[in-house]
Amino acid sequence: SRNNKLYVVLTNSESRSYIVVIYNFAGSVVYSWSSGGYLDQAYTHEVDMSRFSRGIYIVRVMSTDRQINRSFKIEKL
(Lines give C-alpha, C1' and ligand atoms only; values in the text may rest on other atoms or scores of the structure.)
Protein backbone atom coordinates (compact mmCIF):
# COMPACT_ATOMS: atom_id res chain seq x y z
CA SER A 1 0.00 0.00 0.00
CA ARG A 2 1.13 3.53 -0.68
CA ASN A 3 2.07 5.93 2.05
CA ASN A 4 -0.68 8.55 1.72
CA LYS A 5 0.84 10.88 4.28
CA LEU A 6 2.12 14.39 3.81
CA TYR A 7 4.59 15.61 6.41
CA VAL A 8 4.81 19.38 6.89
CA VAL A 9 7.99 20.14 8.81
CA LEU A 10 7.89 23.49 10.58
CA THR A 11 11.29 24.72 11.71
CA ASN A 12 12.08 28.20 12.90
CA SER A 13 14.37 30.03 15.26
CA GLU A 14 11.38 31.14 17.35
CA SER A 15 8.26 29.44 18.67
CA ARG A 16 5.31 30.37 16.48
CA SER A 17 1.66 29.50 15.95
CA TYR A 18 0.91 28.05 12.49
CA ILE A 19 -1.89 27.50 10.04
CA VAL A 20 -1.65 24.89 7.27
CA VAL A 21 -4.16 25.03 4.40
CA ILE A 22 -4.34 22.72 1.39
CA TYR A 23 -6.17 23.85 -1.73
CA ASN A 24 -7.16 21.72 -4.70
CA PHE A 25 -6.20 22.99 -8.13
CA ALA A 26 -9.61 24.70 -8.49
CA GLY A 27 -8.77 26.82 -5.45
CA SER A 28 -11.13 25.19 -2.94
CA VAL A 29 -9.90 24.48 0.59
CA VAL A 30 -9.73 20.71 1.09
CA TYR A 31 -7.81 20.72 4.38
CA SER A 32 -7.16 23.23 7.14
CA TRP A 33 -5.28 22.95 10.43
CA SER A 34 -4.29 25.43 13.10
CA SER A 35 -1.74 24.71 15.78
CA GLY A 36 -3.83 26.71 18.22
CA GLY A 37 -0.85 27.55 20.41
CA TYR A 38 2.82 28.15 19.94
CA LEU A 39 4.93 25.27 18.71
CA ASP A 40 8.56 24.51 19.43
CA GLN A 41 11.22 25.43 16.89
CA ALA A 42 10.91 22.03 15.18
CA TYR A 43 7.52 20.41 14.67
CA THR A 44 6.22 17.92 12.10
CA HIS A 45 2.53 17.98 11.19
CA GLU A 46 1.17 14.86 9.50
CA VAL A 47 -1.67 15.05 6.95
CA ASP A 48 -3.49 11.86 5.97
CA MET A 49 -4.11 12.28 2.24
CA SER A 50 -5.67 8.85 1.65
CA ARG A 51 -9.09 10.42 0.94
CA PHE A 52 -7.70 13.04 -1.42
CA SER A 53 -8.21 12.51 -5.15
CA ARG A 54 -5.22 12.22 -7.43
CA GLY A 55 -4.07 15.58 -8.69
CA ILE A 56 -2.23 18.79 -7.96
CA TYR A 57 -2.58 20.57 -4.62
CA ILE A 58 -1.23 23.79 -3.17
CA VAL A 59 -0.01 23.61 0.43
CA ARG A 60 0.14 26.96 2.20
CA VAL A 61 1.94 27.37 5.53
CA MET A 62 1.45 30.59 7.45
CA SER A 63 2.43 31.80 10.89
CA THR A 64 -0.21 33.75 12.77
CA ASP A 65 2.28 36.62 13.27
CA ARG A 66 2.52 36.85 9.43
CA GLN A 67 6.30 36.39 9.47
CA ILE A 68 6.04 33.13 7.52
CA ASN A 69 3.91 32.66 4.41
CA ARG A 70 5.00 29.89 2.06
CA SER A 71 3.24 27.91 -0.65
CA PHE A 72 4.22 24.61 -2.23
CA LYS A 73 2.77 22.64 -5.10
CA ILE A 74 2.45 18.90 -4.59
CA GLU A 75 1.03 16.10 -6.69
CA LYS A 76 -0.84 13.12 -5.33
CA LEU A 77 -0.32 10.17 -7.63
# chains A, B, ... in the order shown; residues from 1 in each chain; ligands from 1
>>> select_by_dssp(residues="region 31-60 of chain A", states="strand (DSSP E or B)", output="PyMOL selection string")
chain A and resi 31-34+39+42-48+55-60
>>> write_last_selection(atoms="N, CA, C and O atoms", output="mmCIF file, in the first residue's frame")
data_model
loop_
_atom_site.group_PDB
_atom_site.id
_atom_site.type_symbol
_atom_site.label_atom_id
_atom_site.label_comp_id
_atom_site.auth_asym_id
_atom_site.auth_seq_id
_atom_site.Cartn_x
_atom_site.Cartn_y
_atom_site.Cartn_z
ATOM 1 N N TYR A 31 -8.359 21.068 3.084
ATOM 2 C CA TYR A 31 -7.807 20.716 4.385
ATOM 3 C C TYR A 31 -7.345 21.984 5.073
ATOM 4 O O TYR A 31 -6.777 22.873 4.435
ATOM 5 N N SER A 32 -7.605 22.081 6.368
ATOM 6 C CA SER A 32 -7.156 23.232 7.136
ATOM 7 C C SER A 32 -6.813 22.775 8.544
ATOM 8 O O SER A 32 -7.521 21.949 9.123
ATOM 9 N N TRP A 33 -5.720 23.303 9.082
ATOM 10 C CA TRP A 33 -5.278 22.953 10.427
ATOM 11 C C TRP A 33 -4.639 24.163 11.064
ATOM 12 O O TRP A 33 -3.917 24.913 10.416
ATOM 13 N N SER A 34 -4.921 24.362 12.329
ATOM 14 C CA SER A 34 -4.286 25.435 13.095
ATOM 15 C C SER A 34 -3.640 24.819 14.321
ATOM 16 O O SER A 34 -4.241 23.973 14.987
ATOM 17 N N LEU A 39 4.218 26.528 18.862
ATOM 18 C CA LEU A 39 4.934 25.266 18.708
ATOM 19 C C LEU A 39 6.422 25.499 18.936
ATOM 20 O O LEU A 39 6.917 26.610 18.757
ATOM 21 N N ALA A 42 10.976 23.101 16.171
ATOM 22 C CA ALA A 42 10.914 22.028 15.179
ATOM 23 C C ALA A 42 9.686 21.176 15.467
ATOM 24 O O ALA A 42 9.558 20.594 16.539
ATOM 25 N N TYR A 43 8.768 21.151 14.503
ATOM 26 C CA TYR A 43 7.520 20.410 14.673
ATOM 27 C C TYR A 43 7.144 19.806 13.333
ATOM 28 O O TYR A 43 7.265 20.461 12.303
ATOM 29 N N THR A 44 6.673 18.570 13.338
ATOM 30 C CA THR A 44 6.221 17.920 12.103
ATOM 31 C C THR A 44 4.724 17.654 12.204
ATOM 32 O O THR A 44 4.267 16.995 13.140
ATOM 33 N N HIS A 45 3.979 18.202 11.250
ATOM 34 C CA HIS A 45 2.529 17.984 11.187
ATOM 35 C C HIS A 45 2.243 16.958 10.096
ATOM 36 O O HIS A 45 2.712 17.090 8.969
ATOM 37 N N GLU A 46 1.479 15.943 10.441
ATOM 38 C CA GLU A 46 1.169 14.858 9.500
ATOM 39 C C GLU A 46 -0.247 15.033 8.951
ATOM 40 O O GLU A 46 -1.190 15.240 9.707
ATOM 41 N N VAL A 47 -0.375 14.962 7.620
ATOM 42 C CA VAL A 47 -1.675 15.055 6.955
ATOM 43 C C VAL A 47 -1.952 13.722 6.285
ATOM 44 O O VAL A 47 -1.149 13.256 5.470
ATOM 45 N N ASP A 48 -3.075 13.106 6.624
ATOM 46 C CA ASP A 48 -3.492 11.864 5.971
ATOM 47 C C ASP A 48 -4.187 12.229 4.670
ATOM 48 O O ASP A 48 -5.265 12.811 4.669
ATOM 49 N N GLY A 55 -4.121 14.260 -8.065
ATOM 50 C CA GLY A 55 -4.071 15.575 -8.688
ATOM 51 C C GLY A 55 -3.072 16.496 -8.022
ATOM 52 O O GLY A 55 -2.284 16.090 -7.180
ATOM 53 N N ILE A 56 -3.140 17.765 -8.428
ATOM 54 C CA ILE A 56 -2.230 18.790 -7.957
ATOM 55 C C ILE A 56 -2.883 19.551 -6.806
ATOM 56 O O ILE A 56 -4.063 19.902 -6.874
ATOM 57 N N TYR A 57 -2.104 19.819 -5.776
ATOM 58 C CA TYR A 57 -2.582 20.572 -4.618
ATOM 59 C C TYR A 57 -1.570 21.660 -4.274
ATOM 60 O O TYR A 57 -0.383 21.512 -4.535
ATOM 61 N N ILE A 58 -2.081 22.721 -3.680
ATOM 62 C CA ILE A 58 -1.232 23.788 -3.169
ATOM 63 C C ILE A 58 -1.285 23.718 -1.644
ATOM 64 O O ILE A 58 -2.369 23.751 -1.053
ATOM 65 N N VAL A 59 -0.114 23.620 -1.027
ATOM 66 C CA VAL A 59 -0.012 23.605 0.428
ATOM 67 C C VAL A 59 0.500 24.974 0.859
ATOM 68 O O VAL A 59 1.542 25.424 0.398
ATOM 69 N N ARG A 60 -0.260 25.635 1.728
ATOM 70 C CA ARG A 60 0.138 26.961 2.202
ATOM 71 C C ARG A 60 0.390 26.871 3.703
ATOM 72 O O ARG A 60 -0.448 26.364 4.445
#
>>> residues_around(residues="Leu10 (chain A)", least_positions_apart="3", cutoff="12 Å", atoms="only C-alpha atoms", output="NGL selection string")
:A and (7 or 13-20 or 35 or 38-46 or 60-63 or 68-70)
>>> closest_residue(among="A:Lys73, A:Asn4, A:Val21, A:Val9", to="Ser53 (chain A)", atoms="only C-alpha atoms")
A:Asn4
>>> atom_distance(atom1="CA of Phe52 (chain A)", atom2="CA of Gly37 (chain A)")
27.1 Å
>>> closest_residue(among="A:Asn24, A:Asn3, A:Ser50, A:Asn12", to="Gln67 (chain A)", atoms="only C-alpha atoms")
A:Asn12
